[in-house]
Protein chains: 2
Amino acid sequence: MQHQKLATIEDVAALAGVSIATVSRAINEPTKVADETRRKVTEAIARTGYTTNAMARSLRMRRSNMILILAPDVGDPNFSNILVGLETEASKRGYGVLIGNTQNDASRETDYLRFISSNQADGLILFTGHLPYGFGQDGTEGRLPPMVAVNEPVPNADVPFVGVDNFEGARIATEHLISQGHRRIAFVGRSHGREVNRLREEGYRKALAGAGIAIDPRMIIDGDGTTESGRAAAELMFVRDVLPTAFFCVNDATALGVIISLNARHYDLPRQFSIMGFDDISFSSFVTPSLTTMKQPRHRIGEAAMELLLELLAGEKPHEQQVLLRAELIVRNSVSRVG
Amino acid sequence: MQHQKLATIEDVAALAGVSIATVSRAINEPTKVADETRRKVTEAIARTGYTTNAMARSLRMRRSNMILILAPDVGDPNFSNILVGLETEASKRGYGVLIGNTQNDASRETDYLRFISSNQADGLILFTGHLPYGFGQDGTEGRLPPMVAVNEPVPNADVPFVGVDNFEGARIATEHLISQGHRRIAFVGRSHGREVNRLREEGYRKALAGAGIAIDPRMIIDGDGTTESGRAAAELMFVRDVLPTAFFCVNDATALGVIISLNARHYDLPRQFSIMGFDDISFSSFVTPSLTTMKQPRHRIGEAAMELLLELLAGEKPHEQQVLLRAELIVRNSVSRVG
DNA sequence: TGCCTCTATGTAAACCTTTACATCATTCAT
DNA sequence: ATGAATGATGTAAAGGTTTACATAGAGGCA
């Protein structure tokens, strides 16, 4: 059942009539061997079907050419699209990507660290928004492996970050609503813990301030970014009976909750209420009404993050400590002109 | 920047005052060392912060405890949910998962084989529906590494398969439509190349036959499983003017296309037409009308596939050459009673 | 010619484990 | 008391690379 024994560099060397050092050089530093020798080696490689044993190489070179990606939920669509970018860029540079699904479980996070500490991975991409449990708790911050955070920045640690410009995106989104004549705009999804939510709320505030619209605290509703929280938020507003003309939701999932709630109350959307999301996840174009939202450049986020990490791995100073990519306004049918 | 030198087994041995062999045994076969010795070793490990170098171990043991997952599209939501199951099961058994995004590109497939041939991965999970380009073309079939196919079986090769029971699922779906009084039921998504489509069509035929309903060839429309193909199929039926009362679509993406087309024609769904999907992808509950469909047990598919692969890796004969899991009928709002 | 430089190649160490085999002490049965 | 069996530990080889250093030959220059 197990593979038969594979050809080693010695087999190639014997067949080509040279030493193993020469074979290694012919592969890794071709200019350093004579043309004729290189030819013989190449042929011997072809004849034997030799491939370098990655384990031996990694052992010797002390690097595995692997990147560990730690994410709280691998099934999350927002994650998987970024993964494509990460993988593309990594594979282009000869790196492989390893997936760790942490489910926000401390023991799983710790467990995955063995990939780093056992030299099985050279660097780390973090989607979790915090250092893996077990790192940096004691005075070990100095020994952090090369890593970059994606989506959620890591607070209180010197970790380069790549993500969408939440502040700017939220500002643009809100300005779009304002440009359609809205002045009573609710923000759904205020949260103290979540940096992303906080930034988007800031962008919302900035846009209102810029248009000279006073902020009505009753228009700012808590929410944790789930569909359910969006539904609850909308219901709450009806209970309180302070109604906006438009809802700016912290993300599309929340927006979906708001839409569900409004549809259930048989409002005619977007005529009676406008809804704006953020993220542009896949279903956003399929809801009724289809959702106007800010699209995250997920593929590019992945690429940029991997680029940054590979710079770090190459020993360079990262060209940026923080890469913020612009979200793009996608106009669909959930926002209407008013007033 | 690079990690400082890590503690090796020699450091631990020195500190504990034993030989490296004893340290290795204390770690891997604890029963074989004296209690007192084991205690000393454990303490030395703690003091040095030692972790086994996975590369050295893999080199020596000729196995990496890594599984390579090859998928045509890592961003596909259907994939990412199965990935969760794969990862969970693998990690439970001490394996890591490596992701390869092939994009159906032959050169990328070949490229990823180096992970197998260089001992960087012990086994392979295939979502591609065919052997990676470069395998099994010449007479090398005998040397295939341990692998199992998921979702799409691999034709003409002896590869264990795990997936949903498409035939049975399609039969149940169709029977559900029949139970609601439908007798003119279209099948959208006939395809010669795709095994999945073929099996679902078979299930459809079987259900109709079972109910004594004659098959009308005009009710069977080609489609490749995309939303666009669903839209086109519906349009075609209106052009031909042979209309069903229900559409059974080969998958949810196709069903979405049909719904879009019918909504655009301002039909009242599901009163005027019923639509049935297959897969239960995330947006299916959000479309209007929300889609009645067959839910794939994605998490369990992933787990079962990994289980099977690990059996193979352990040198056991797989307990099944094919694992078919049942799809579950999810009743939502896109199917109505008729007649 | 003699010496130096340069280029091409070879030798051997190092990377860090696991494990077959050897060694030694102890226990137990005779 | 002797020998065998058992149990704990040590020694050293093997796994397949990369690479510092050594060597050898060729060519250039005085």
# chains A, B, ... in the order shown; residues from 1 in each chain; ligands from 1

call {"tool": "select_by_dssp", "arguments": {"residues": "stretch 107-153 of chain B", "states": "alpha helix (DSSP H)", "output": "ChimeraX atom specification"}}
result
/B:107-117

call {"tool": "interface_residues", "arguments": {"of": "chain B", "to": "chain C", "cutoff": "7 Å", "atoms": "only C-alpha atoms (C1' of nucleotides)", "output": "list in words"}}
result
Asn53, Ala56, Arg57 and Arg60 of chain B

call {"tool": "write_last_selection", "arguments": {"atoms": "N, CA, C and O atoms", "output": "tab-separated table (two decimals), in the first residue's frame"}}
result
chain	number	residue	atom	x	y	z
B	53	ASN	N	10.61	18.55	16.23
B	53	ASN	CA	10.70	19.11	14.89
B	53	ASN	C	9.99	18.17	13.91
B	53	ASN	O	10.43	17.05	13.65
B	56	ALA	N	12.03	16.75	10.89
B	56	ALA	CA	12.94	15.63	11.18
B	56	ALA	C	12.14	14.35	11.39
B	56	ALA	O	12.48	13.29	10.87
B	57	ARG	N	11.06	14.50	12.12
B	57	ARG	CA	10.24	13.32	12.37
B	57	ARG	C	9.68	12.77	11.05
B	57	ARG	O	9.74	11.58	10.78
B	60	ARG	N	12.29	11.00	9.01
B	60	ARG	CA	12.63	9.69	9.54
B	60	ARG	C	11.49	8.69	9.34
B	60	ARG	O	11.68	7.56	8.96

call {"tool": "residues_around", "arguments": {"residues": "B:Phe286", "least_positions_apart": "5", "cutoff": "12 Å", "atoms": "only C-alpha atoms (C1' of nucleotides)", "output": "ChimeraX atom specification"}}
result
/A:227,253,255-257,259-260,263,282-291 /B:252,256,280-281,291-292,332-334

call {"tool": "closest_residue", "arguments": {"among": "A:Thr51, A:Thr254, A:Ser117, A:Thr42", "to": "chain D", "atoms": "only C-alpha atoms (C1' of nucleotides)"}}
result
A:Thr51

call {"tool": "interface_residues", "arguments": {"of": "chain D", "to": "chain A", "cutoff": "9 Å", "atoms": "only C-alpha atoms (C1' of nucleotides)", "output": "compact mmCIF listing (two decimals) with N, CA and C atoms (P, O5', C5', C4', C3', O3' and C1' of nucleotides), in the first residue's frame"}}
result
# COMPACT_ATOMS: atom_id res chain seq x y z
P DG D 15 18.17 4.56 4.86
O5' DG D 15 17.10 5.70 4.64
C5' DG D 15 15.94 5.81 5.43
C4' DG D 15 15.61 7.24 5.60
C3' DG D 15 16.12 8.17 4.49
O3' DG D 15 15.18 8.26 3.44
C1' DG D 15 16.30 9.16 6.67
P DG D 16 15.67 8.15 1.96
O5' DG D 16 16.05 9.66 1.63
C5' DG D 16 15.01 10.60 1.59
C4' DG D 16 15.61 11.97 1.43
C3' DG D 16 16.51 12.12 0.21
O3' DG D 16 16.11 13.30 -0.44
C1' DG D 16 17.61 12.87 2.15
P DT D 17 16.59 13.70 -1.86
O5' DT D 17 16.79 15.27 -1.72
C5' DT D 17 18.01 15.78 -1.25
C4' DT D 17 17.75 16.88 -0.29
C3' DT D 17 18.64 18.08 -0.54
O3' DT D 17 17.85 19.16 -0.96
C1' DT D 17 18.95 17.21 1.68
P DT D 18 18.56 20.33 -1.76
O5' DT D 18 19.49 21.00 -0.65
C5' DT D 18 18.90 21.88 0.29
C4' DT D 18 19.98 22.44 1.18
C3' DT D 18 20.93 23.43 0.48
O3' DT D 18 21.15 24.47 1.43
C1' DT D 18 22.18 21.68 1.47
P DT D 19 21.80 25.84 0.98
O5' DT D 19 23.32 25.65 1.44
C5' DT D 19 23.59 25.44 2.81
C4' DT D 19 25.07 25.21 2.99
C3' DT D 19 25.97 26.06 2.09
O3' DT D 19 27.11 26.41 2.86
C1' DT D 19 26.49 23.83 1.80

call {"tool": "atom_distance", "arguments": {"atom1": "atom CA of B:Ile220", "atom2": "atom CA of B:Leu236"}}
result
11.2 Å

call {"tool": "atom_distance", "arguments": {"atom1": "atom CA of A:Phe79", "atom2": "atom CA of A:Gly302"}}
result
9.4 Å

call {"tool": "select_by_dssp", "arguments": {"residues": "stretch 67-266 of chain B", "states": "strand (DSSP E)", "output": "compact mmCIF listing (two decimals) with C-alpha atoms, in the first residue's frame"}}
result
# COMPACT_ATOMS: atom_id res chain seq x y z
CA ILE B 67 -3.52 15.64 3.73
CA LEU B 68 -3.68 17.51 0.46
CA ILE B 69 -7.09 18.69 -0.63
CA LEU B 70 -7.43 19.45 -4.31
CA ALA B 71 -10.46 21.46 -5.33
CA GLY B 96 -3.21 18.83 9.03
CA VAL B 97 -4.88 19.84 5.80
CA LEU B 98 -3.22 21.52 2.89
CA ILE B 99 -5.32 23.34 0.33
CA GLY B 100 -4.78 23.29 -3.40
CA ASN B 101 -6.96 25.43 -5.60
CA GLY B 123 -2.92 11.37 1.11
CA LEU B 124 -5.22 13.18 -1.23
CA ILE B 125 -8.80 14.34 -1.24
CA LEU B 126 -10.11 15.03 -4.71
CA MET B 147 -6.88 9.11 -1.98
CA VAL B 148 -10.61 9.52 -1.89
CA ALA B 149 -12.92 11.43 -4.17
CA VAL B 150 -15.60 13.73 -2.83
CA PHE B 161 -15.95 7.93 -3.24
CA VAL B 162 -17.92 9.87 -0.66
CA GLY B 163 -20.84 12.03 -1.56
CA VAL B 164 -24.52 12.55 -1.39
CA ILE B 185 -42.72 18.28 -13.86
CA ALA B 186 -39.77 19.64 -15.81
CA PHE B 187 -36.19 18.58 -15.16
CA VAL B 188 -33.76 21.42 -15.65
CA GLY B 189 -30.10 20.54 -15.98
CA ARG B 190 -29.65 17.49 -18.15
CA ILE B 220 -36.15 17.66 -19.93
CA ILE B 221 -33.94 20.65 -20.52
CA ASP B 222 -30.18 20.84 -20.86
CA ALA B 246 -43.24 22.44 -11.42
CA PHE B 247 -39.56 22.72 -12.14
CA PHE B 248 -37.17 20.25 -10.56
CA CYS B 249 -33.78 21.85 -10.94

call {"tool": "atom_distance", "arguments": {"atom1": "atom CA of B:Asn151", "atom2": "atom CA of B:Phe127"}}
result
6.2 Å

call {"tool": "closest_residue", "arguments": {"among": "B:Ser191, B:Ser64, B:Thr293, B:Thr110", "to": "chain A", "atoms": "only C-alpha atoms"}}
result
B:Ser64

call {"tool": "residues_around", "arguments": {"residues": "stretch 12-17 of chain A", "least_positions_apart": "2", "cutoff": "10 Å", "atoms": "only C-alpha atoms (C1' of nucleotides)", "output": "list in words"}}
result
Ala7, Thr8, Ile9, Glu10, Ser19, Ile20, Ala21, Thr22, Val23, Ser24, Thr37, Arg38, Arg39, Lys40, Val41, Thr42, Glu43, Ala44, Ile45, Ala46, Arg47, Thr48, Gly49 and Tyr50 of chain A
